[in-house]
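*Asks:* File query.tsv follows (TSV, C-alpha atoms):
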chain	number	residue	atom	x	y	z
A	210	MET	CA	66.39	48.04	196.48
A	211	GLU	CA	65.13	45.19	194.37
A	212	ALA	CA	63.76	45.54	190.85
A	213	LYS	CA	60.06	45.07	190.64
A	214	LYS	CA	59.88	44.48	186.82
A	215	ASN	CA	59.61	40.97	185.55
A	216	PRO	CA	62.66	40.02	183.52
A	217	LYS	CA	60.46	38.33	180.94
A	218	ALA	CA	58.73	41.62	180.11
A	219	ASP	CA	62.03	43.37	179.09
A	220	LEU	CA	61.87	44.01	175.29
A	221	ARG	CA	65.56	44.65	174.98
A	222	ARG	CA	65.97	40.97	174.66
A	223	PHE	CA	64.44	41.15	171.14
A	224	ALA	CA	66.38	44.24	169.92
A	225	GLY	CA	68.55	42.28	167.49
A	226	LEU	CA	65.51	40.54	166.01
A	227	PHE	CA	63.64	43.77	165.52
A	228	PHE	CA	66.67	45.33	163.81
A	229	GLU	CA	66.96	42.43	161.35
A	230	ILE	CA	63.23	42.61	160.55
A	231	GLY	CA	63.55	46.36	159.86
A	232	LEU	CA	66.44	45.76	157.49
A	233	VAL	CA	64.45	43.17	155.56
A	234	VAL	CA	61.41	45.46	155.25
A	235	ALA	CA	63.53	48.40	154.06
A	236	PHE	CA	65.30	46.20	151.49
A	237	CYS	CA	62.01	44.94	150.13
A	238	ALA	CA	60.66	48.52	149.85
A	239	VAL	CA	63.73	49.72	147.91
A	240	LEU	CA	63.65	46.73	145.59
A	241	GLY	CA	59.98	47.22	144.92
A	242	ALA	CA	60.51	50.92	144.13
A	243	PHE	CA	63.17	50.11	141.48
A	244	SER	CA	61.11	47.36	139.85
A	245	TYR	CA	57.87	49.39	139.68
A	246	THR	CA	57.00	50.67	136.13
A	247	VAL	CA	54.36	53.21	135.08
A	248	GLN	CA	52.61	52.92	131.69
A	249	VAL	CA	52.16	56.39	130.08
A	250	ARG	CA	49.17	56.81	127.84
A	251	ASN	CA	49.27	59.38	125.01
A	252	PHE	CA	46.04	61.27	125.38
A	253	ALA	CA	46.84	63.78	122.60
A	254	ASP	CA	45.57	62.84	119.17
A	255	PHE	CA	46.80	65.29	116.57
A	256	GLY	CA	45.61	63.35	113.56
A	257	SER	CA	47.66	62.34	110.55
A	258	LEU	CA	49.80	64.57	108.38
A	259	SER	CA	47.72	63.82	105.34
A	260	ASP	CA	44.64	65.30	107.03
A	261	VAL	CA	46.50	68.55	107.72
A	262	ILE	CA	47.69	68.87	104.13
A	263	ASP	CA	44.17	68.27	102.84
A	264	GLU	CA	42.79	71.01	105.02
A	265	MET	CA	45.40	73.62	103.89
A	266	GLU	CA	44.18	76.11	101.35
A	267	LEU	CA	46.48	76.10	98.33
A	268	MET	CA	47.15	79.61	96.92
A	269	PRO	CA	47.07	79.87	93.14
A	270	ILE	CA	50.39	80.68	91.44
A	271	THR	CA	50.23	83.83	89.30
A	272	HIS	CA	52.56	84.65	86.40
A	273	GLN	CA	53.33	88.22	85.24
A	274	THR	CA	52.44	88.70	81.62
A	275	GLN	CA	55.03	90.71	79.66
A	276	VAL	CA	53.38	93.35	77.51
A	277	THR	CA	55.14	94.05	74.22
A	278	PRO	CA	54.97	97.77	73.27
A	279	PRO	CA	53.52	98.51	69.87
A	280	PRO	CA	56.05	99.31	67.14
A	281	PRO	CA	56.65	103.01	66.38
A	282	PRO	CA	54.63	104.44	63.55
A	283	VAL	CA	56.43	104.35	60.25
A	284	ALA	CA	56.30	107.49	58.20
A	285	PRO	CA	54.90	106.89	54.78
A	286	LYS	CA	57.52	106.88	52.08
A	287	VAL	CA	57.18	109.67	49.59
A	288	ALA	CA	58.21	108.77	46.12
A	289	GLU	CA	60.63	111.23	44.61
A	290	VAL	CA	59.33	112.72	41.43
A	291	ILE	CA	62.00	113.76	38.96
A	292	HIS	CA	60.95	116.19	36.29
A	293	ILE	CA	63.02	116.01	33.15
A	294	VAL	CA	63.11	119.31	31.31
A	295	GLU	CA	64.09	119.20	27.69
A	296	ASP	CA	66.85	121.55	26.53
A	297	THR	CA	65.08	123.80	24.07
A	298	ASP	CA	68.02	126.20	23.64
A	299	PRO	CA	71.27	124.27	23.24
A	300	ASP	CA	73.31	127.46	22.76
A	301	ASP	CA	72.29	128.87	26.17
A	302	GLY	CA	75.20	127.97	28.42
A	303	ILE	CA	78.70	128.86	29.54
A	304	GLU	CA	81.31	128.73	26.82
A	305	ILE	CA	84.76	127.64	28.02
A	306	GLU	CA	87.66	128.74	25.89
A	307	ASP	CA	91.03	127.08	25.67
A	308	VAL	CA	93.30	128.94	28.09
A	309	GLU	CA	96.31	126.68	27.87
A	310	ALA	CA	99.41	128.84	28.11
A	311	THR	CA	102.21	128.53	25.57
A	312	GLN	CA	105.59	130.19	25.16
A	313	GLU	CA	104.00	132.90	23.01
A	314	THR	CA	101.33	133.72	25.59
A	315	ALA	CA	101.88	137.09	27.26
A	316	VAL	CA	101.33	137.16	31.00
A	317	ALA	CA	100.46	140.44	32.69
A	318	TYR	CA	101.65	140.92	36.29
A	319	VAL	CA	99.56	143.14	38.53
A	320	TYR	CA	101.35	144.65	41.55
A	321	ARG	CA	99.23	145.21	44.59
A	322	PRO	CA	101.08	146.81	47.48
A	323	GLU	CA	100.25	145.25	50.83
A	324	GLU	CA	98.42	147.48	53.20
A	325	ASP	CA	100.48	148.42	56.21
A	326	GLU	CA	98.93	146.77	59.21
A	327	GLU	CA	98.60	149.10	62.12
A	328	GLU	CA	100.78	147.87	64.94
A	329	GLU	CA	99.21	147.43	68.35
A	330	ASP	CA	100.04	150.46	70.48
A	331	ILE	CA	101.36	149.03	73.75
A	332	PRO	CA	102.52	151.76	76.16
A	333	PHE	CA	106.05	151.63	77.49
A	334	ASN	CA	106.80	151.90	81.18
A	335	ILE	CA	110.15	153.60	80.42
A	336	ALA	CA	111.17	154.98	77.02
A	337	GLU	CA	114.55	156.19	75.78
A	338	VAL	CA	113.12	159.72	75.80
A	339	MET	CA	110.34	160.19	78.34
A	340	PRO	CA	107.33	162.45	77.58
A	341	GLN	CA	107.82	166.08	78.52
A	342	PHE	CA	105.24	168.55	79.80
A	343	PRO	CA	105.48	171.98	78.12
A	344	GLY	CA	107.91	173.90	80.35
A	345	GLY	CA	109.16	170.85	82.26
A	346	ASP	CA	108.29	169.32	85.64
A	347	ALA	CA	108.13	172.72	87.39
A	348	ALA	CA	105.50	173.91	84.94
A	349	LEU	CA	103.54	170.69	85.53
A	350	GLN	CA	103.54	171.16	89.32
A	351	LYS	CA	102.45	174.79	88.89
A	352	TYR	CA	99.64	173.74	86.55
A	353	LEU	CA	98.34	171.14	89.01
A	354	ALA	CA	98.54	173.56	91.97
A	355	THR	CA	96.60	176.27	90.15
A	356	HIS	CA	93.92	174.05	88.65
A	357	VAL	CA	93.11	171.80	91.62
A	358	GLN	CA	89.92	172.80	93.46
A	359	TYR	CA	89.77	171.42	96.99
A	360	PRO	CA	86.53	169.39	97.36
A	361	ALA	CA	84.10	171.07	99.74
A	362	ILE	CA	83.15	167.80	101.47
A	363	ALA	CA	86.82	167.02	102.11
A	364	ARG	CA	87.38	170.52	103.46
A	365	GLU	CA	84.40	170.29	105.81
A	366	ASN	CA	85.63	166.94	107.19
A	367	ASN	CA	89.24	168.15	107.37
A	368	ILE	CA	90.42	165.40	104.97
A	369	GLN	CA	93.95	165.70	103.58
A	370	GLY	CA	96.19	163.32	101.68
A	371	LYS	CA	98.06	162.41	98.55
A	372	VAL	CA	96.65	160.89	95.35
A	373	TYR	CA	98.81	159.10	92.77
A	374	VAL	CA	97.35	159.37	89.27
A	375	GLN	CA	98.56	157.20	86.38
A	376	PHE	CA	97.89	158.00	82.73
A	377	VAL	CA	99.26	157.39	79.23
A	378	ILE	CA	100.88	159.97	76.93
A	379	ASN	CA	100.16	158.55	73.48
A	380	LYS	CA	102.16	159.02	70.28
A	381	ARG	CA	100.44	162.35	69.64
A	382	GLY	CA	101.24	163.67	73.12
A	383	GLU	CA	97.63	163.40	74.32
A	384	VAL	CA	96.61	162.29	77.82
A	385	GLU	CA	94.46	159.16	77.98
A	386	ASN	CA	93.56	156.19	80.24
A	387	VAL	CA	93.63	158.25	83.43
A	388	SER	CA	93.22	156.29	86.69
A	389	ALA	CA	94.12	156.62	90.37
A	390	VAL	CA	96.51	153.97	91.68
A	391	ARG	CA	96.47	155.19	95.27
A	392	GLY	CA	94.36	157.62	97.29
A	393	THR	CA	92.85	158.29	100.71
A	394	ASP	CA	89.44	159.74	99.89
A	395	ALA	CA	86.97	159.34	97.02
A	396	SER	CA	86.39	163.08	96.64
A	397	LEU	CA	90.14	163.78	96.45
A	398	ILE	CA	90.62	160.99	93.88
A	399	LYS	CA	87.80	162.33	91.72
A	400	GLU	CA	89.28	165.85	91.71
A	401	ALA	CA	92.80	164.60	90.91
A	402	ILE	CA	91.53	162.60	87.91
A	403	ARG	CA	89.57	165.62	86.65
A	404	VAL	CA	92.63	167.87	86.71
A	405	VAL	CA	94.89	165.33	84.96
A	406	GLU	CA	92.32	164.69	82.22
A	407	GLY	CA	92.48	168.43	81.41
A	408	LEU	CA	96.27	168.53	80.93
A	409	PRO	CA	97.46	170.07	77.62
A	410	LYS	CA	99.47	168.16	75.02
A	411	TRP	CA	102.89	166.86	75.92
A	412	SER	CA	105.97	166.11	73.87
A	413	PRO	CA	105.55	162.34	73.27
A	414	GLY	CA	108.12	159.82	74.36
A	415	LEU	CA	110.60	158.41	71.84
A	416	GLN	CA	111.88	154.85	71.35
A	417	HIS	CA	114.53	154.37	68.63
A	418	GLY	CA	113.65	157.84	67.40
A	419	LYS	CA	109.93	157.06	66.91
A	420	PRO	CA	107.04	158.41	69.01
A	421	VAL	CA	105.60	155.83	71.38
A	422	SER	CA	102.98	155.72	74.12
A	423	VAL	CA	104.39	155.87	77.63
A	424	TYR	CA	102.90	155.42	81.10
A	425	TYR	CA	103.31	158.39	83.43
A	426	THR	CA	102.45	158.84	87.13
A	427	VAL	CA	102.14	162.10	89.06
A	428	PRO	CA	101.40	162.69	92.77
A	429	ILE	CA	98.89	165.38	93.70
A	430	TYR	CA	98.95	166.74	97.27
A	431	PHE	CA	95.82	167.93	99.06
A	432	LYS	CA	96.64	169.95	102.17
A	433	LEU	CA	94.54	172.41	104.14
A	434	ASN	CA	96.13	175.66	105.25
Represent the structure from my file as structure tokens, please.
*Replies:*
Amino acid sequence: MEAKKNPKADLRRFAGLFFEIGLVVAFCAVLGAFSYTVQVRNFADFGSLSDVIDEMELMPITHQTQVTPPPPPVAPKVAEVIHIVEDTDPDDGIEIEDVEATQETAVAYVYRPEEDEEEEDIPFNIAEVMPQFPGGDAALQKYLATHVQYPAIARENNIQGKVYVQFVINKRGEVENVSAVRGTDASLIKEAIRVVEGLPKWSPGLQHGKPVSVYYTVPIYFKLN
């Protein structure tokens, strides 16, 4: 089958020319883009710095004034007035005699015995001879058993126990400084102290043959039958 197209109308003959023309146009466009410059105008007008400084409001500088306090008031000076009194009686005075001692001067010695200072009475815990109750320890136990009255409140509450009472037998054999060192109930302690405070005189304790105060402790039993 034969081709009907005229060979002169085939554009492929000019393909190389068209390609070269395209390269030239592209090169010219790139070169023009690089050589093109844009002038930038500054539309902002902020004025000069001197105008801004002139328009600023300058604040006045203040200085603190130091106030000096007034001086303290000075008390008025009082002039001392000295009164001179004339001596109208020259013989009115103290007469001093010559008391210079010589070998012939007699000296009198006055003897004053020193007062015996009372020694502090400090009780002994243990003495050479301990205090003795009249009749001995058995008589003391009998006295306590017969003179103790069982407190009613302790009896009602069925309270029993033992109370240790400490006291001092002084130089005269008297009971003093009574206190409870151990106990189980307040009512029992109170009754034990009452009975001990009523004890009769003892034979005082002896230390080096002299009466001394001595601590003494007795137990008192409270037991319900």
*Asks:* At a cut-off of 12 Å, using all atoms listed in the file, what residues contact Arg364 of chain A? Leave out same-chain residues fewer than 2 positions from it and give the result as an mmCIF file with C-alpha atoms, in the coordinates of the input.
*Replies:*
data_model
loop_
_atom_site.group_PDB
_atom_site.id
_atom_site.type_symbol
_atom_site.label_atom_id
_atom_site.label_comp_id
_atom_site.auth_asym_id
_atom_site.auth_seq_id
_atom_site.Cartn_x
_atom_site.Cartn_y
_atom_site.Cartn_z
ATOM 1 C CA GLN A 358 89.920 172.800 93.460
ATOM 2 C CA TYR A 359 89.770 171.420 96.990
ATOM 3 C CA PRO A 360 86.530 169.390 97.360
ATOM 4 C CA ALA A 361 84.100 171.070 99.740
ATOM 5 C CA ILE A 362 83.150 167.800 101.470
ATOM 6 C CA ASN A 366 85.630 166.940 107.190
ATOM 7 C CA ASN A 367 89.240 168.150 107.370
ATOM 8 C CA ILE A 368 90.420 165.400 104.970
ATOM 9 C CA GLN A 369 93.950 165.700 103.580
ATOM 10 C CA GLY A 370 96.190 163.320 101.680
ATOM 11 C CA ASP A 394 89.440 159.740 99.890
ATOM 12 C CA SER A 396 86.390 163.080 96.640
ATOM 13 C CA LEU A 397 90.140 163.780 96.450
ATOM 14 C CA PHE A 431 95.820 167.930 99.060
ATOM 15 C CA LYS A 432 96.640 169.950 102.170
ATOM 16 C CA LEU A 433 94.540 172.410 104.140
ATOM 17 C CA ASN A 434 96.130 175.660 105.250
#
*Asks:* Quick one: distance from atom CA of Val377 of chain A to atom CA of Pro428 of chain A in Å, one decimal?
*Replies:*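 So the two atoms, atom CA of Val377 of chain A and atom CA of Pro428 of chain A, lie 14.7 Å apart.
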*Asks:* What is the distance, in Å and to one decimal place, between atom CA of Leu349 of chain A and atom CA of Glu365 of chain A?
*Replies:*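 Here the two named atoms are 27.9 Å from each other.
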*Asks:* As a PyMOL selection string, please: the residues near Lys399 of chain A (cut-off 10 Å, all atoms listed in the file, same-chain neighbours under 4 positions excluded).
*Replies:* chain A and resi 360+372+388-389+392+394-395+403-404
*Asks:* Let me know the centre plus edge lengths, in Å and rounded to one decimal, of a box with edges along x, y and z that contains all listed atoms of segment 393-400 of chain A and is padded by 5 Å on every side, as JSON.
*Replies:*
{"center_x": 89.6, "center_y": 162.1, "center_z": 96.2, "size_x": 16.5, "size_y": 17.6, "size_z": 19.0}
*Asks:* Find the distance between atom CA of Gln350 of chain A and atom CA of Gly418 of chain A and write it in Å to one decimal.
*Replies:*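 Between these atoms lies a distance of 27.6 Å.
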*Asks:* Give the answer as one residue: which of A:Val390, A:Val427, A:Lys419, A:Val357 has the shortest atom-to-atom distance to Gly407 of chain A, using only C-alpha atoms?
*Replies:*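 Closest to Gly407 of chain A of all the choices is A:Val357.
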*Asks:* Rank A:Ile335, A:Ala363, A:Ile378, A:Val387 by their smallest atom-to-atom distance to Trp411 of chain A, using only C-alpha atoms, and report the top residue only.
*Replies:*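 Answer, going by the shortest atom-to-atom distance: A:Ile378.
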